[in-house]
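Structure data follow from model20.cif (mmCIF, C-alpha atoms):
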data_structure
#
loop_
_atom_site.group_PDB
_atom_site.id
_atom_site.type_symbol
_atom_site.label_atom_id
_atom_site.label_comp_id
_atom_site.auth_asym_id
_atom_site.auth_seq_id
_atom_site.Cartn_x
_atom_site.Cartn_y
_atom_site.Cartn_z
ATOM 1 C CA MET A 1 -1.879 -11.921 -36.023
ATOM 2 C CA ALA A 2 1.408 -10.548 -37.328
ATOM 3 C CA ARG A 3 2.149 -9.071 -33.892
ATOM 4 C CA GLU A 4 1.525 -12.409 -32.219
ATOM 5 C CA THR A 5 3.830 -14.119 -34.711
ATOM 6 C CA GLU A 6 6.520 -11.532 -33.992
ATOM 7 C CA GLU A 7 6.103 -12.059 -30.256
ATOM 8 C CA HIS A 8 6.221 -15.818 -30.703
ATOM 9 C CA ALA A 9 9.413 -15.441 -32.696
ATOM 10 C CA ALA A 10 10.821 -13.228 -29.932
ATOM 11 C CA GLY A 11 10.215 -16.007 -27.423
ATOM 12 C CA LEU A 12 7.377 -14.271 -25.593
ATOM 13 C CA PRO A 13 4.589 -16.458 -24.188
ATOM 14 C CA PRO A 14 1.144 -16.451 -25.889
ATOM 15 C CA ARG A 15 -0.801 -13.225 -25.262
ATOM 16 C CA ARG A 16 -3.425 -14.876 -23.102
ATOM 17 C CA SER A 17 -1.017 -16.872 -20.960
ATOM 18 C CA LEU A 18 -1.477 -16.708 -17.215
ATOM 19 C CA ARG A 19 2.004 -15.250 -16.855
ATOM 20 C CA ARG A 20 1.213 -12.392 -19.232
ATOM 21 C CA ARG A 21 -2.154 -11.691 -17.598
ATOM 22 C CA LEU A 22 -0.540 -11.635 -14.161
ATOM 23 C CA ALA A 23 2.184 -9.319 -15.394
ATOM 24 C CA ARG A 24 -0.400 -6.983 -16.967
ATOM 25 C CA TRP A 25 -2.434 -6.965 -13.746
ATOM 26 C CA TYR A 26 0.690 -6.196 -11.717
ATOM 27 C CA VAL A 27 1.592 -3.279 -13.957
ATOM 28 C CA GLU A 28 -1.910 -1.803 -13.807
ATOM 29 C CA ALA A 29 -2.818 -2.375 -10.129
ATOM 30 C CA GLU A 30 -0.818 0.286 -8.289
ATOM 31 C CA ALA A 31 -2.381 -0.231 -4.856
ATOM 32 C CA ALA A 32 -1.787 -3.976 -5.075
ATOM 33 C CA ARG A 33 1.886 -3.332 -5.895
ATOM 34 C CA TYR A 34 2.277 -1.301 -2.706
ATOM 35 C CA VAL A 35 0.481 -3.912 -0.602
ATOM 36 C CA LEU A 36 2.489 -6.799 -2.073
ATOM 37 C CA SER A 37 5.827 -5.013 -1.733
ATOM 38 C CA ALA A 38 5.056 -3.885 1.823
ATOM 39 C CA SER A 39 4.049 -7.462 2.661
ATOM 40 C CA VAL A 40 7.417 -8.723 1.434
ATOM 41 C CA VAL A 41 9.129 -6.090 3.632
ATOM 42 C CA LEU A 42 6.984 -7.096 6.600
ATOM 43 C CA ALA A 43 7.760 -10.792 6.077
ATOM 44 C CA ALA A 44 11.500 -10.041 5.906
ATOM 45 C CA MET A 45 11.294 -7.982 9.114
ATOM 46 C CA LEU A 46 9.495 -10.760 10.965
ATOM 47 C CA LEU A 47 11.834 -13.476 9.711
ATOM 48 C CA ILE A 48 14.889 -11.424 10.671
ATOM 49 C CA PRO A 49 13.791 -9.127 13.540
ATOM 50 C CA ASP A 50 17.028 -7.127 13.345
ATOM 51 C CA LEU A 51 15.611 -5.748 10.095
ATOM 52 C CA LEU A 52 12.720 -4.083 11.935
ATOM 53 C CA ASN A 53 13.127 -0.299 11.401
ATOM 54 C CA ASN A 54 15.511 -0.954 8.476
ATOM 55 C CA MET A 55 14.921 1.899 6.024
ATOM 56 C CA LEU A 56 17.351 0.664 3.373
ATOM 57 C CA LEU A 57 15.647 -2.714 3.052
ATOM 58 C CA THR A 58 12.226 -1.069 2.843
ATOM 59 C CA ALA A 59 13.346 1.520 0.296
ATOM 60 C CA ALA A 60 15.060 -1.066 -1.908
ATOM 61 C CA LEU A 61 12.139 -3.511 -1.895
ATOM 62 C CA LEU A 62 9.539 -0.778 -2.425
ATOM 63 C CA LEU A 63 11.446 0.788 -5.298
ATOM 64 C CA ALA A 64 11.977 -2.597 -6.906
ATOM 65 C CA GLY A 65 8.449 -3.890 -6.383
ATOM 66 C CA VAL A 66 6.432 -0.751 -7.011
ATOM 67 C CA ALA A 67 8.472 1.118 -9.609
ATOM 68 C CA LEU A 68 11.294 -0.801 -11.285
ATOM 69 C CA LEU A 69 9.703 -4.232 -11.833
ATOM 70 C CA PRO A 70 6.538 -2.736 -13.409
ATOM 71 C CA GLU A 71 8.728 -0.586 -15.683
ATOM 72 C CA TYR A 72 10.569 -3.721 -16.774
ATOM 73 C CA LEU A 73 7.332 -5.650 -17.291
ATOM 74 C CA ARG A 74 5.761 -2.738 -19.219
ATOM 75 C CA LYS A 75 8.641 -2.789 -21.664
ATOM 76 C CA HIS A 76 8.472 -6.544 -22.100
ATOM 77 C CA LEU A 77 4.713 -7.095 -22.146
ATOM 78 C CA MET B 1 11.030 8.443 21.967
ATOM 79 C CA SER B 2 8.424 8.207 19.280
ATOM 80 C CA TRP B 3 8.739 5.699 16.493
ATOM 81 C CA THR B 4 6.365 5.661 13.540
ATOM 82 C CA ALA B 5 4.862 8.987 14.629
ATOM 83 C CA HIS B 6 7.956 10.512 13.006
ATOM 84 C CA ASP B 7 7.011 8.744 9.748
ATOM 85 C CA PHE B 8 3.413 9.983 9.724
ATOM 86 C CA GLU B 9 3.774 13.572 10.983
ATOM 87 C CA PRO B 10 5.265 14.949 7.737
ATOM 88 C CA TYR B 11 2.075 14.063 5.812
ATOM 89 C CA ALA B 12 -0.097 16.009 8.259
ATOM 90 C CA LEU B 13 2.332 18.952 8.012
ATOM 91 C CA GLN B 14 2.301 18.715 4.205
ATOM 92 C CA LYS B 15 -1.496 18.855 4.213
ATOM 93 C CA HIS B 16 -1.655 21.917 6.443
ATOM 94 C CA LEU B 17 1.259 23.854 4.937
ATOM 95 C CA GLY B 18 0.844 22.903 1.267
ATOM 96 C CA GLY B 19 3.436 24.479 -1.030
ATOM 97 C CA ARG B 20 5.373 26.044 1.861
ATOM 98 C CA VAL B 21 6.937 22.636 2.568
ATOM 99 C CA THR B 22 8.105 19.640 0.596
ATOM 100 C CA MET B 23 8.161 16.028 1.726
ATOM 101 C CA LEU B 24 11.750 14.866 1.242
ATOM 102 C CA PRO B 25 13.480 17.364 3.590
ATOM 103 C CA LEU B 26 10.482 17.265 5.937
ATOM 104 C CA TYR B 27 10.886 13.499 6.282
ATOM 105 C CA ILE B 28 14.683 13.626 6.535
ATOM 106 C CA GLY B 29 14.283 16.208 9.297
ATOM 107 C CA SER B 30 11.596 14.205 11.040
ATOM 108 C CA LEU B 31 13.823 11.115 11.253
ATOM 109 C CA GLY B 32 17.240 12.766 11.151
ATOM 110 C CA PRO B 33 17.984 13.175 14.870
ATOM 111 C CA ASP B 34 17.571 9.417 15.411
ATOM 112 C CA MET B 35 19.175 8.319 12.138
ATOM 113 C CA PHE B 36 22.582 9.480 13.289
ATOM 114 C CA THR B 37 22.334 8.655 16.990
ATOM 115 C CA LYS B 38 20.278 5.498 17.574
ATOM 116 C CA TRP B 39 22.956 3.057 16.356
ATOM 117 C CA TYR B 40 25.272 4.315 19.113
ATOM 118 C CA VAL B 41 22.438 4.331 21.658
ATOM 119 C CA TYR B 42 21.593 0.655 21.025
ATOM 120 C CA GLY B 43 25.204 -0.258 20.300
ATOM 121 C CA ILE B 44 26.710 -2.340 17.520
ATOM 122 C CA SER B 45 29.134 -5.230 17.562
ATOM 123 C CA LEU B 46 32.118 -4.839 15.250
ATOM 124 C CA PHE B 47 34.692 -7.656 15.049
ATOM 125 C CA GLY B 48 33.713 -8.771 18.546
ATOM 126 C CA VAL B 49 33.988 -5.275 20.013
ATOM 127 C CA GLU B 50 30.793 -3.646 21.235
ATOM 128 C CA ILE B 51 30.517 0.030 20.421
ATOM 129 C CA LYS B 52 27.886 1.682 22.568
ATOM 130 C CA ALA B 53 27.322 4.869 24.542
ATOM 131 C CA ASP B 54 28.251 4.603 28.230
ATOM 132 C CA ASP B 55 25.060 6.422 29.131
ATOM 133 C CA PRO B 56 22.633 5.917 26.212
ATOM 134 C CA ALA B 57 19.871 8.140 27.611
ATOM 135 C CA LEU B 58 22.261 11.054 28.222
ATOM 136 C CA PHE B 59 24.044 10.591 24.889
ATOM 137 C CA HIS B 60 20.771 10.444 22.945
ATOM 138 C CA ARG B 61 19.022 13.449 24.472
ATOM 139 C CA GLY B 62 21.386 15.191 26.852
ATOM 140 C CA TRP B 63 24.492 17.325 27.012
ATOM 141 C CA PRO B 64 27.324 16.420 26.752
ATOM 142 C CA GLY B 65 26.255 14.022 24.008
ATOM 143 C CA ALA B 66 24.229 14.197 20.817
ATOM 144 C CA GLY B 67 21.122 15.522 22.545
ATOM 145 C CA PHE B 68 21.610 18.869 20.799
ATOM 146 C CA THR B 69 20.253 17.161 17.639
ATOM 147 C CA HIS B 70 16.899 16.978 19.427
ATOM 148 C CA THR B 71 16.607 20.722 20.082
ATOM 149 C CA PRO B 72 14.802 23.640 18.401
ATOM 150 C CA LEU B 73 18.149 25.472 18.176
ATOM 151 C CA PHE B 74 19.581 22.642 16.045
ATOM 152 C CA ALA B 75 16.541 22.840 13.752
ATOM 153 C CA ILE B 76 17.058 26.585 13.277
ATOM 154 C CA VAL B 77 20.823 26.299 12.701
ATOM 155 C CA VAL B 78 20.458 23.474 10.162
ATOM 156 C CA ALA B 79 17.683 25.319 8.322
ATOM 157 C CA LEU B 80 19.827 28.493 8.138
ATOM 158 C CA LEU B 81 22.863 26.524 6.932
ATOM 159 C CA VAL B 82 20.855 24.754 4.238
ATOM 160 C CA TYR B 83 19.375 28.076 3.150
ATOM 161 C CA ALA B 84 22.827 29.693 3.062
ATOM 162 C CA VAL B 85 24.155 26.906 0.837
ATOM 163 C CA SER B 86 21.144 26.191 -1.390
ATOM 164 C CA ARG B 87 19.157 29.469 -1.324
ATOM 165 C CA HIS B 88 16.081 27.254 -1.431
ATOM 166 C CA GLY B 89 13.674 28.497 1.224
ATOM 167 C CA VAL B 90 11.154 25.678 0.955
ATOM 168 C CA TRP B 91 13.831 22.986 1.373
ATOM 169 C CA ALA B 92 15.494 24.785 4.287
ATOM 170 C CA PHE B 93 12.191 25.489 6.068
ATOM 171 C CA SER B 94 10.959 21.911 5.548
ATOM 172 C CA LEU B 95 14.142 20.372 6.946
ATOM 173 C CA GLY B 96 14.068 22.700 9.959
ATOM 174 C CA LEU B 97 10.389 22.014 10.573
ATOM 175 C CA GLY B 98 10.968 18.247 10.460
ATOM 176 C CA LEU B 99 13.806 18.517 12.997
ATOM 177 C CA PHE B 100 11.705 20.811 15.202
ATOM 178 C CA ALA B 101 8.724 18.416 15.087
ATOM 179 C CA HIS B 102 11.015 15.546 16.124
ATOM 180 C CA ALA B 103 12.369 17.486 19.110
ATOM 181 C CA VAL B 104 8.878 18.452 20.276
ATOM 182 C CA THR B 105 7.356 14.974 19.800
ATOM 183 C CA ASP B 106 10.128 13.358 21.840
ATOM 184 C CA ILE B 107 9.212 15.287 25.010
ATOM 185 C CA LEU B 108 6.409 12.742 25.423
ATOM 186 C CA ASP B 109 8.660 9.999 26.862
ATOM 187 C CA THR B 110 10.410 9.870 30.253
ATOM 188 C CA ASN B 111 13.739 11.076 28.848
ATOM 189 C CA GLY B 112 12.505 14.252 27.130
ATOM 190 C CA THR B 113 14.498 16.762 25.084
ATOM 191 C CA MET B 114 16.475 19.921 25.829
ATOM 192 C CA LEU B 115 13.928 22.366 24.415
ATOM 193 C CA LEU B 116 15.732 25.389 25.880
ATOM 194 C CA PHE B 117 19.254 24.373 24.814
ATOM 195 C CA PRO B 118 21.780 26.088 25.044
ATOM 196 C CA PHE B 119 20.248 28.219 27.824
ATOM 197 C CA SER B 120 19.376 25.115 29.799
ATOM 198 C CA THR B 121 20.414 21.475 29.496
ATOM 199 C CA ASP B 122 17.410 20.313 31.543
ATOM 200 C CA ARG B 123 15.290 17.880 29.583
ATOM 201 C CA VAL B 124 11.608 18.746 29.221
ATOM 202 C CA SER B 125 9.538 15.577 29.574
ATOM 203 C CA LEU B 126 5.857 14.759 29.866
ATOM 204 C CA GLY B 127 6.735 11.166 30.800
ATOM 205 C CA ALA B 128 3.793 9.542 28.998
ATOM 206 C CA TRP B 129 5.756 6.350 28.285
ATOM 207 C CA ALA B 130 9.014 4.795 29.438
ATOM 208 C CA TYR B 131 12.235 5.579 27.604
ATOM 209 C CA ALA B 132 13.951 2.195 27.474
ATOM 210 C CA ALA B 133 16.588 2.541 24.734
ATOM 211 C CA GLU B 134 19.366 1.537 27.145
ATOM 212 C CA GLU B 135 17.733 -1.915 27.320
ATOM 213 C CA GLY B 136 18.509 -2.560 23.635
ATOM 214 C CA LYS B 137 16.447 -2.281 20.470
ATOM 215 C CA HIS B 138 14.136 -5.255 20.981
ATOM 216 C CA LEU B 139 13.168 -4.535 24.594
ATOM 217 C CA ASP B 140 12.834 -0.851 23.696
ATOM 218 C CA GLY B 141 10.390 -1.810 20.947
ATOM 219 C CA PHE B 142 8.494 -4.204 23.194
ATOM 220 C CA ALA B 143 8.098 -1.498 25.840
ATOM 221 C CA TYR B 144 7.130 1.212 23.375
ATOM 222 C CA TYR B 145 4.527 -0.891 21.568
ATOM 223 C CA SER B 146 2.990 -1.995 24.878
ATOM 224 C CA SER B 147 2.566 1.540 26.224
ATOM 225 C CA LEU B 148 0.973 4.886 25.407
ATOM 226 C CA GLY B 149 3.666 5.127 22.728
ATOM 227 C CA LEU B 150 1.530 2.765 20.662
ATOM 228 C CA VAL B 151 -1.440 5.097 21.158
ATOM 229 C CA ALA B 152 0.705 8.044 19.997
ATOM 230 C CA ASP B 153 1.759 6.149 16.876
ATOM 231 C CA LEU B 154 -1.834 5.170 16.103
ATOM 232 C CA ALA B 155 -2.936 8.789 16.574
ATOM 233 C CA ALA B 156 -0.200 9.908 14.161
ATOM 234 C CA LEU B 157 -1.369 7.249 11.680
ATOM 235 C CA VAL B 158 -4.918 8.629 11.906
ATOM 236 C CA LEU B 159 -3.516 12.126 11.246
ATOM 237 C CA ALA B 160 -1.765 10.821 8.140
ATOM 238 C CA LEU B 161 -4.895 9.004 6.979
ATOM 239 C CA VAL B 162 -6.963 12.162 7.447
ATOM 240 C CA SER B 163 -4.398 13.838 5.184
ATOM 241 C CA TRP B 164 -4.922 11.146 2.511
ATOM 242 C CA ARG B 165 -5.231 13.708 -0.293
ATOM 243 C CA VAL B 166 -1.515 14.534 -0.055
ATOM 244 C CA LEU B 167 -0.716 10.861 -0.713
ATOM 245 C CA GLN B 168 -2.441 10.967 -4.090
ATOM 246 C CA ARG B 169 -0.489 10.986 -7.325
ATOM 247 C CA ALA B 170 -2.269 14.152 -8.514
ATOM 248 C CA TYR B 171 -1.227 16.088 -5.385
ATOM 249 C CA PHE B 172 2.350 14.901 -5.793
ATOM 250 C CA GLU B 173 2.491 15.954 -9.455
ATOM 251 C CA GLN B 174 0.827 19.339 -8.921
ATOM 252 C CA HIS B 175 2.227 20.515 -5.596
ATOM 253 C CA VAL B 176 5.340 18.542 -4.656
ATOM 254 C CA LEU B 177 7.279 17.818 -7.831
ATOM 255 C CA PRO B 178 7.392 21.460 -9.043
ATOM 256 C CA ASN B 179 8.577 22.619 -5.585
ATOM 257 C CA ASP B 180 11.409 20.184 -5.050
ATOM 258 C CA PRO B 181 14.627 20.447 -7.069
ATOM 259 C CA VAL B 182 15.989 17.223 -5.541
ATOM 260 C CA MET B 183 12.962 15.284 -6.763
ATOM 261 C CA LYS B 184 13.480 16.729 -10.236
ATOM 262 C CA LEU B 185 17.115 15.646 -10.073
ATOM 263 C CA ALA B 186 16.095 12.140 -8.951
ATOM 264 C CA GLY B 187 13.735 12.080 -11.938
ATOM 265 C CA ARG B 188 16.768 11.774 -14.208
ATOM 266 C CA VAL B 189 17.452 8.263 -12.934
ATOM 267 C CA LEU B 190 14.068 7.102 -11.631
ATOM 268 C CA PRO B 191 10.738 6.684 -13.437
ATOM 269 C CA PRO B 192 7.789 8.834 -12.202
ATOM 270 C CA SER B 193 6.459 5.884 -10.205
ATOM 271 C CA GLY B 194 9.854 5.711 -8.439
ATOM 272 C CA LEU B 195 9.603 9.364 -7.411
ATOM 273 C CA LEU B 196 6.138 8.661 -6.057
ATOM 274 C CA VAL B 197 7.562 5.767 -4.024
ATOM 275 C CA ILE B 198 10.103 8.158 -2.481
ATOM 276 C CA TYR B 199 7.292 10.608 -1.678
ATOM 277 C CA ARG B 200 5.079 7.942 -0.106
ATOM 278 C CA PHE B 201 7.976 6.080 1.524
ATOM 279 C CA GLY B 202 7.448 7.436 5.049
ATOM 280 C CA PHE B 203 3.808 6.396 5.106
ATOM 281 C CA VAL B 204 4.458 2.854 3.831
ATOM 282 C CA PHE B 205 7.537 2.429 6.041
ATOM 283 C CA GLY B 206 5.554 3.636 9.056
ATOM 284 C CA VAL B 207 2.634 1.272 8.474
ATOM 285 C CA THR B 208 4.972 -1.657 7.794
ATOM 286 C CA ARG B 209 7.130 -1.263 10.879
ATOM 287 C CA LEU B 210 4.143 -0.452 13.089
ATOM 288 C CA LEU B 211 2.570 -3.765 12.046
ATOM 289 C CA GLY B 212 5.937 -5.525 12.286
ATOM 290 C CA TRP B 213 6.593 -4.395 15.831
ATOM 291 C CA LEU B 214 3.041 -5.188 16.928
ATOM 292 C CA VAL B 215 3.298 -8.746 15.604
ATOM 293 C CA PHE B 216 6.858 -9.178 16.930
ATOM 294 C CA ALA B 217 6.030 -7.847 20.400
ATOM 295 C CA HIS B 218 2.579 -9.342 20.914
ATOM 296 C CA VAL B 219 2.207 -12.373 18.634
ATOM 297 C CA ILE B 220 5.705 -13.849 18.319
ATOM 298 C CA HIS B 221 6.567 -12.745 21.884
ATOM 299 C CA THR B 222 4.329 -12.079 24.839
ATOM 300 C CA ASN B 223 4.471 -8.629 26.405
ATOM 301 C CA ALA B 224 1.714 -7.209 28.575
ATOM 302 C CA PHE B 225 0.046 -4.004 27.423
ATOM 303 C CA ASP B 226 0.246 -1.241 30.007
ATOM 304 C CA PHE B 227 -1.350 2.046 29.018
ATOM 305 C CA SER B 228 -0.728 3.725 32.372
ATOM 306 C CA TRP B 229 1.150 7.060 32.371
ATOM 307 C CA GLY B 230 4.886 6.361 32.215
ATOM 308 C CA GLY B 231 4.361 2.649 31.481
ATOM 309 C CA PRO B 232 4.912 -0.110 30.889
ATOM 310 C CA SER B 233 5.649 -0.903 34.516
ATOM 311 C CA TRP B 234 7.632 -4.044 33.604
ATOM 312 C CA VAL B 235 10.521 -2.055 32.138
ATOM 313 C CA THR B 236 12.860 0.183 34.125
ATOM 314 C CA PRO B 237 12.437 3.596 32.539
ATOM 315 C CA PHE B 238 14.951 6.393 32.453
ATOM 316 C CA ARG B 239 13.600 9.176 34.663
#

For this file, produce the structure as structure tokens.
Amino acid sequence: MARETEEHAAGLPPRRSLRRRLARWYVEAEAARYVLSASVVLAAMLLIPDLLNNMLLTAALLLAGVALLPEYLRKHL
Amino acid sequence: MSWTAHDFEPYALQKHLGGRVTMLPLYIGSLGPDMFTKWYVYGISLFGVEIKADDPALFHRGWPGAGFTHTPLFAIVVALLVYAVSRHGVWAFSLGLGLFAHAVTDILDTNGTMLLFPFSTDRVSLGAWAYAAEEGKHLDGFAYYSSLGLVADLAALVLALVSWRVLQRAYFEQHVLPNDPVMKLAGRVLPPSGLLVIYRFGFVFGVTRLLGWLVFAHVIHTNAFDFSWGGPSWVTPFR
């Protein structure tokens, strides 16, 4: 109860909010993170075909989606 | 040339060679010869000026040109140089093996590679699919993903999938991380999951661009499949 009050005071959403549950799922589901991030890369490549074969775009989006965003969410869950 | 086959091959090599190789230099070697040459082969436009090789096929694989990057000799020289500088045998061997694998895989198209360079500048070619890089990146991709090149990429994907154990986190932590000083260095700025992304990058990149090209060439555009030797017949190949 005290923890929830602290979180409420810190401006975090209620523990059972959809946003929090989604964030927790995203942090825990590693395979889904890869699939989602790769899908974003694929969508970008198809929207802008000159990005097909673009390693930098893929590396940046994969690092952000699979590693850095979950680290951020883990710290703020 | 081969496309995503170069992304998948390192995982099969990692599976078979275990601790004697490490992924990062293997992958850099596997893609390296094209990383530094393809932009000039396809050409770029800079402030309205097009910068492109006069003879893309010769520049890419021949001599004079940058074709020496697609030769076993180049793989050996680079491996020796890296070893001389770093004294890290696994890194040097992995980089050389990646470069060697690239040179050998590229004999499958109609352009081929100078396997016997510098003793001979003749290009060894099996001619399984048309080399069409001089037609530009998009037409090159359309031709490749309509020909036996697609079959080669799918075969390389199967090889990588058969090697699925090396893609696991446990394998990475037990066999790759302790062997690779560059990964350890990267660990100072990236979380462990970030290092794993770097390790798995080639596989994910390969799958993504394989799917991307297939959709781009056969769903968004219409290009006829032609799995005949040296195809597709609708593109003028370099021979």

Using all atoms listed in the file, find each residue in chain A having at least one atom no more than 10 Å away from chain B; report its shortest atom-to-atom pair and that distance in Å (one decimal), rows by chain then rising number, as JSON lines.
{"residue": "A:Glu30", "atom": "CA", "partner": "B:Ser193", "partner_atom": "CA", "distance": 9.4}
{"residue": "A:Tyr34", "atom": "CA", "partner": "B:Val204", "partner_atom": "CA", "distance": 8.0}
{"residue": "A:Val35", "atom": "CA", "partner": "B:Val204", "partner_atom": "CA", "distance": 9.0}
{"residue": "A:Ser37", "atom": "CA", "partner": "B:Val204", "partner_atom": "CA", "distance": 9.7}
{"residue": "A:Ala38", "atom": "CA", "partner": "B:Thr208", "partner_atom": "CA", "distance": 6.4}
{"residue": "A:Ser39", "atom": "CA", "partner": "B:Thr208", "partner_atom": "CA", "distance": 7.8}
{"residue": "A:Val40", "atom": "CA", "partner": "B:Thr208", "partner_atom": "CA", "distance": 9.8}
{"residue": "A:Val41", "atom": "CA", "partner": "B:Thr208", "partner_atom": "CA", "distance": 7.4}
{"residue": "A:Leu42", "atom": "CA", "partner": "B:Thr208", "partner_atom": "CA", "distance": 5.9}
{"residue": "A:Ala43", "atom": "CA", "partner": "B:Gly212", "partner_atom": "CA", "distance": 8.3}
{"residue": "A:Ala44", "atom": "CA", "partner": "B:Gly212", "partner_atom": "CA", "distance": 9.6}
{"residue": "A:Met45", "atom": "CA", "partner": "B:Gly212", "partner_atom": "CA", "distance": 6.7}
{"residue": "A:Leu46", "atom": "CA", "partner": "B:Gly212", "partner_atom": "CA", "distance": 6.5}
{"residue": "A:Leu47", "atom": "CA", "partner": "B:Phe216", "partner_atom": "CA", "distance": 9.8}
{"residue": "A:Pro49", "atom": "CA", "partner": "B:Phe216", "partner_atom": "CA", "distance": 7.7}
{"residue": "A:Asp50", "atom": "CA", "partner": "B:His138", "partner_atom": "CA", "distance": 8.4}
{"residue": "A:Leu51", "atom": "CA", "partner": "B:Arg209", "partner_atom": "CA", "distance": 9.6}
{"residue": "A:Leu52", "atom": "CA", "partner": "B:Arg209", "partner_atom": "CA", "distance": 6.3}
{"residue": "A:Asn53", "atom": "CA", "partner": "B:Arg209", "partner_atom": "CA", "distance": 6.1}
{"residue": "A:Asn54", "atom": "CA", "partner": "B:Arg209", "partner_atom": "CA", "distance": 8.7}
{"residue": "A:Met55", "atom": "CA", "partner": "B:Phe205", "partner_atom": "CA", "distance": 7.4}
{"residue": "A:Thr58", "atom": "CA", "partner": "B:Phe205", "partner_atom": "CA", "distance": 6.7}
{"residue": "A:Ala59", "atom": "CA", "partner": "B:Phe201", "partner_atom": "CA", "distance": 7.2}
{"residue": "A:Leu62", "atom": "CA", "partner": "B:Val197", "partner_atom": "CA", "distance": 7.0}
{"residue": "A:Leu63", "atom": "CA", "partner": "B:Gly194", "partner_atom": "CA", "distance": 6.1}
{"residue": "A:Ala64", "atom": "CA", "partner": "B:Gly194", "partner_atom": "CA", "distance": 8.7}
{"residue": "A:Gly65", "atom": "CA", "partner": "B:Gly194", "partner_atom": "CA", "distance": 9.9}
{"residue": "A:Val66", "atom": "CA", "partner": "B:Val197", "partner_atom": "CA", "distance": 7.3}
{"residue": "A:Ala67", "atom": "CA", "partner": "B:Gly194", "partner_atom": "CA", "distance": 4.9}
{"residue": "A:Leu68", "atom": "CA", "partner": "B:Gly194", "partner_atom": "CA", "distance": 7.3}
{"residue": "A:Pro70", "atom": "CA", "partner": "B:Ser193", "partner_atom": "CA", "distance": 9.2}
{"residue": "A:Glu71", "atom": "CA", "partner": "B:Pro191", "partner_atom": "CA", "distance": 7.9}

(request) Grab the CA of Trp129 in chain B to CA of Phe100 in chain B distance for me, in Å with one decimal place. (result)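 Distance between the two atoms: 20.4 Å.
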
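If you count all atoms listed in the file and ignore residues fewer than 5 places along the chain from range 164-179 of chain B, what sits within 10 Å of it is Tyr11, Ala12, Leu13, Gln14, Lys15, His16, Gly18, Gly19, Arg20, Val21, Thr22, Met23, Leu24, His88, Val90, Trp91, Val158, Leu159, Lys184, Gly187, Pro192, Ser193, Leu195, Leu196, Tyr199, Arg200 and Phe203 of chain B.
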
(request) Quick one: pull the distance between CA of Ala130 in chain B and CA of His70 in chain B, Å, one decimal. (result)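 It comes out at 17.6 Å.
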
(request) Translate the PyMOL selection byres ((chain B and resi 150) around 12), as applied to the file shown, into an explicit residue set as a PyMOL selection string. (result) chain B and resi 1-5+109+128-130+141-149+151-157+209-211+213-214+217+225-228+231-232

Sphere at (21.4, 4.8, 22.9), radius 7 Å, counting only C-alpha atoms: residues as a compact mmCIF listing (two decimals) with C-alpha atoms, in the coordinates of the input:
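Output below, filename selection13.txt:
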# COMPACT_ATOMS: atom_id res chain seq x y z
CA LYS B 38 20.28 5.50 17.57
CA TRP B 39 22.96 3.06 16.36
CA TYR B 40 25.27 4.32 19.11
CA VAL B 41 22.44 4.33 21.66
CA TYR B 42 21.59 0.66 21.02
CA GLY B 43 25.20 -0.26 20.30
CA ALA B 53 27.32 4.87 24.54
CA PRO B 56 22.63 5.92 26.21
CA ALA B 57 19.87 8.14 27.61
CA PHE B 59 24.04 10.59 24.89
CA HIS B 60 20.77 10.44 22.94
CA ALA B 133 16.59 2.54 24.73
CA GLU B 134 19.37 1.54 27.14

(request) Using CA of Leu95 in chain B and CA of Thr37 in chain B as the two end points, give the distance in Å to one decimal. (result) 17.5 Å

(request) Name the residues that the PyMOL selection byres ((chain B and resi 75) around 12) picks from the file above, as JSON, numbers by chain, using the file's chain letters and numbers. (result) {"B": [25, 26, 28, 29, 30, 32, 33, 68, 69, 70, 71, 72, 73, 74, 76, 77, 78, 79, 80, 81, 82, 92, 93, 94, 95, 96, 97, 98, 99, 100, 101, 102, 103, 104, 115, 117]}

Could the centre and edge lengths of an axis-aligned box, enclosing all atoms of range 18-28 of chain A in the file with 5 Å extra on each side, be given in Å to one decimal as JSON?
{"center_x": -0.1, "center_y": -9.3, "center_z": -15.5, "size_x": 14.6, "size_y": 24.9, "size_z": 17.5}

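Restricting the calculation to all atoms listed in the file, the smallest distance between Pro64 in chain B and any of B:Asp106, B:Asn223, B:Ile44, B:Met114 is found for B:Met114.
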
(message) Could you list, as JSON, numbers by chain, every residue matched by the PyMOL selection byres ((chain A and resi 74) around 10) in this structure?
(response) {"A": [23, 24, 26, 27, 28, 68, 69, 70, 71, 72, 73, 75, 76, 77]}
